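Read the structure below first, then the notes.
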Amino acid sequence: MALTILCVTFVLGLIVGMPVVFAIGLSSLATVLYEGLPVAVVFQRMAAGMNVFAFLTIPFFIFTGELMMYGGIADRIIRCSKAMVGHVRGGLGMTNVVACTMFGGVSGSPVADVSAMGSALIPLMKKENIDADYAVNVTTYSSLVGAVMPTSHNMIIYSLAAGGIVSMNSLIMAGAVPAVMLSIANLLTAYFVARARNYPAGRFPGWHEVARSLAVALPGLFIMVIIVGGILSGVFTAAEAGAVAVLYALLLTVFVYRSLTWVDFLKAAAKATKTTGIVLLLIGISTMFGYLMSIYGVAELAGEMLSSISTTPWVVFILVDIALFLFGIFLDMAAHILVCTPIFLPIVMHYGMDPVQFGIIVLLNCTIGLNTPPVGAAFYLGCAIGEVPVIKVVRSMWPFMAALWITLLIVTLVPEVSMFVHDLLK
């Protein structure tokens, strides 16, 4: 009965339009009251969930992304991307993909990527008579690669949700090939859709401009080298890497680019503080929710249900993908990771999947949710920037959604895709 109360209250909260964090919190509180436990248990579990040293990485990574966005790195990345691929048919779409991929490596946040790149490129694409729905789809789907980049704070959340059996180093290495695959899939999709719509090609500015724009953008992109190199080499931990990244971003934007004003610094700090607060609140409340699910044996029940359908590993993995997708439609990334990992990780490990590979699968499923109504934060932000009706974007999103699902299925069914670099450098 208690599990029924937990699940029904949560679903009802989502149906009536309650924010996810409150739906999770209310369902947890209702279950605790039904069980006759002290309400203090809720707050104790929340505090324990947030009081983890590794989570110190989260505000550092978020603040780094905000500093780089307000410090003008986005404009330099766009210029570099346009010089490299802007001359291809549908050049602005290709520029968008490359720019979003580069900025995703800096910010590690798909939503921040849409905000920074979309604000600049979507209006520019519309000005060049490119359909707004195409501009929005290219931007929102290209930004999703940030979730599997080394600067993604969601990797830290998964590492903790998995019980500490997966290190940040392993996730960074495992995300390399899937990130490249996703970017290539987005490039091909953007190109073929542009050809089908007969969008024009741009003019190649020459190799001198390519080299010049790349040289200007490289200092900003070097932040990925600092984080990846520092963590993998053991020079510093993930939290220390975040602190170093913040310092580097400040020095770069203030003294090298000279583009970060005091007002912009305060805006970046305020936005990073707000985002960090939201993420940590989700972590705390989701910890209580996960605690209750572990008590009631939700993972065992889910495993029995999947086993009753099939015991073939690849079938179970695809069923887990479908379940993760359905959860992702309604949950934010942090809540999605914290709620789903304890349920499905034991199941996939039982059928032979490495927890590192599953981490990348979870992150990719989270990105699908970010771009799928009714929650889809990245999706709605892109529609707002493009000033285009939601239904129009939905009607034309299927080639991009198909590319993302194909990438996800390859990562799911071919372990070497995510484990090759990990095993090579381990």
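Chain identifiers are assigned as A, B, and so on, following the order in which chains appear in the structure tokens; residues are numbered from 1 within each chain, and ligands are numbered from 1 in order of appearance.
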
#### Entry: helix (DSSP H, G or I) call set, DSSP backbone run, region 137-259 of chain A, as a ChimeraX atom specification
/A:137-148,153-161,168-174,176-196,207-233,238-256

### Task
Have a look at A:Gly65, A:Gly72, A:Gly146, A:Gly297 and name the one nearest to Ser259 (chain A); count only C-alpha atoms.
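Comparing A:Gly65, A:Gly72, A:Gly146, A:Gly297 against Ser259 (chain A), the winner is A:Gly72.
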
### Distance query Phe317 (chain A) at most 10 Å, only C-alpha atoms, self and fewer than 2 positions along chain excluded, as a VMD selection string
chain A and resid 306 312 to 315 319 to 323 344 347 to 348 351 353 358 361 409 412 to 413

### Selected residue, from A:Thr57, A:Leu67, A:Ala40, A:Ser27, that lies nearest to Ala270 (chain A) when counting only C-alpha atoms
A:Leu67

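The two atoms in question, CA of Leu12 (chain A) and CA of Ile283 (chain A), are spaced 20.9 Å apart.
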
### Message
Taking only C-alpha atoms into account, name the residue in A:Val411, A:Met333, A:Met125, A:Ile318 that is nearest to Ala147 (chain A).
### Response
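Looking at the shortest contact to Ala147 (chain A), the residue is A:Met333.
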
Please provide the set of residues having any atom within 9 Å of Ile130 (chain A), restricted to only C-alpha atoms, with same-chain residues fewer than 5 positions apart removed, written as a compact mmCIF listing (two decimals) with all heavy atoms, in the first residue's frame.
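Output file part-v1.txt follows:
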```
# COMPACT_ATOMS: atom_id res chain seq x y z
N GLY A 90 23.28 24.41 -46.56
CA GLY A 90 22.68 24.57 -45.23
C GLY A 90 23.75 24.93 -44.22
O GLY A 90 23.73 24.46 -43.08
N LEU A 92 24.58 27.40 -42.29
CA LEU A 92 24.28 27.89 -40.95
C LEU A 92 23.81 26.76 -40.03
O LEU A 92 24.06 26.78 -38.83
CB LEU A 92 23.23 29.00 -41.01
CG LEU A 92 23.74 30.38 -41.43
CD1 LEU A 92 22.60 31.38 -41.51
CD2 LEU A 92 24.80 30.87 -40.44
N GLY A 93 23.13 25.77 -40.61
CA GLY A 93 22.74 24.61 -39.81
C GLY A 93 23.95 23.82 -39.37
O GLY A 93 24.06 23.40 -38.21
N LEU A 124 19.71 34.56 -36.54
CA LEU A 124 20.54 34.71 -37.74
C LEU A 124 20.06 33.79 -38.85
O LEU A 124 19.98 34.19 -40.02
CB LEU A 124 22.00 34.41 -37.39
CG LEU A 124 23.02 34.49 -38.54
CD1 LEU A 124 23.05 35.90 -39.13
CD2 LEU A 124 24.41 34.08 -38.05
N MET A 125 19.70 32.56 -38.50
CA MET A 125 19.21 31.61 -39.49
C MET A 125 17.87 32.07 -40.07
O MET A 125 17.62 31.96 -41.27
CB MET A 125 19.09 30.22 -38.87
CG MET A 125 20.44 29.61 -38.49
SD MET A 125 20.31 28.06 -37.56
CE MET A 125 19.86 26.91 -38.87
N ALA A 135 15.74 25.67 -37.65
CA ALA A 135 16.74 26.34 -36.80
C ALA A 135 16.62 25.87 -35.36
O ALA A 135 17.63 25.61 -34.68
CB ALA A 135 16.56 27.86 -36.89
N TYR A 199 18.13 24.52 -49.02
CA TYR A 199 18.78 25.69 -48.44
C TYR A 199 20.09 25.96 -49.18
O TYR A 199 20.78 25.01 -49.58
CB TYR A 199 19.06 25.49 -46.96
CG TYR A 199 17.81 25.42 -46.10
CD1 TYR A 199 17.76 24.60 -44.98
CD2 TYR A 199 16.68 26.16 -46.41
CE1 TYR A 199 16.63 24.52 -44.18
CE2 TYR A 199 15.54 26.09 -45.62
CZ TYR A 199 15.52 25.28 -44.52
OH TYR A 199 14.40 25.21 -43.73
```

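The residue that comes closest to Ala335 (chain A), out of A:Cys7, A:Val98, A:Val20, A:Pro205 and on the basis of only C-alpha atoms, is A:Val20.
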
### Task
Could you jot down the CA of Gly382 (chain A) to CA of Leu370 (chain A) separation for me, Å, one decimal place?
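Going from CA of Gly382 (chain A) over to CA of Leu370 (chain A), I get 11.1 Å.
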
### Query
Hey, what's within 9 Å of Thr253 (chain A) if we count only C-alpha atoms and toss same-chain stuff fewer than 4 positions away? As JSON, numbers by chain, please?
{"A": [67, 68, 70, 71, 72, 73, 220, 248, 249, 257, 258, 259, 260, 261]}

Restricted to N, CA and C atoms, what would the selected residues look like written as a tab-separated table (two decimals), in the first residue's frame?
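The file below, again_8.tsv, is the result:
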```
chain	number	residue	atom	x	y	z
A	67	LEU	N	30.29	31.73	-16.76
A	67	LEU	CA	31.36	32.71	-17.00
A	67	LEU	C	31.77	32.73	-18.47
A	68	MET	N	31.88	31.55	-19.06
A	68	MET	CA	32.27	31.47	-20.47
A	68	MET	C	31.18	32.02	-21.38
A	70	TYR	N	28.81	34.39	-20.54
A	70	TYR	CA	28.76	35.85	-20.41
A	70	TYR	C	30.07	36.51	-20.82
A	71	GLY	N	31.15	35.70	-20.87
A	71	GLY	CA	32.45	36.26	-21.22
A	71	GLY	C	32.73	36.30	-22.71
A	72	GLY	N	31.75	35.92	-23.54
A	72	GLY	CA	31.90	36.10	-24.98
A	72	GLY	C	32.47	34.92	-25.74
A	73	ILE	N	32.64	33.77	-25.09
A	73	ILE	CA	33.20	32.63	-25.81
A	73	ILE	C	32.25	32.15	-26.89
A	220	GLY	N	39.36	29.44	-25.20
A	220	GLY	CA	38.13	29.08	-24.51
A	220	GLY	C	37.90	27.57	-24.50
A	248	TYR	N	40.43	29.63	-14.37
A	248	TYR	CA	40.87	29.81	-15.75
A	248	TYR	C	39.86	30.64	-16.54
A	249	ALA	N	38.58	30.34	-16.35
A	249	ALA	CA	37.53	31.09	-17.06
A	249	ALA	C	37.57	32.57	-16.68
A	257	TYR	N	40.36	37.89	-23.14
A	257	TYR	CA	39.29	38.36	-24.02
A	257	TYR	C	38.82	39.77	-23.64
A	258	ARG	N	38.98	40.12	-22.35
A	258	ARG	CA	38.54	41.43	-21.84
A	258	ARG	C	37.08	41.73	-22.20
A	259	SER	N	36.27	40.70	-22.05
A	259	SER	CA	34.87	40.83	-22.45
A	259	SER	C	33.90	40.67	-21.28
A	260	LEU	N	34.40	40.27	-20.12
A	260	LEU	CA	33.53	40.05	-18.96
A	260	LEU	C	33.51	41.31	-18.09
A	261	THR	N	32.38	41.98	-18.09
A	261	THR	CA	32.23	43.18	-17.25
A	261	THR	C	31.78	42.77	-15.85
```

Closest atom pairs, region 184-207 of chain A residues within 7 Å of region 394-407 of chain A, only C-alpha atoms, as a tab-separated table:
```
residue	atom	partner	partner_atom	distance
A:Ala185	CA	A:Ala403	CA	5.7
A:Asn186	CA	A:Phe400	CA	6.9
A:Thr189	CA	A:Phe400	CA	6.3
```

### Message
Between A:Thr367, A:Ser81, A:Asn51, A:Asn154, which residue has the minimum interatomic distance to Leu182 (chain A), considering only C-alpha atoms?
### Response
A:Thr367

### Task
Write out as a ChimeraX atom specification the residues lying within 12 Å of Asp423 (chain A), counting only C-alpha atoms and excluding same-chain residues fewer than 6 positions away.
/A:169-171,173-174,354,356-357,415-417

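Shortest atom-to-atom contact with Val228 (chain A) among A:Ile5, A:Val106, A:Val16, A:Ala194: A:Val106, counting only C-alpha atoms.
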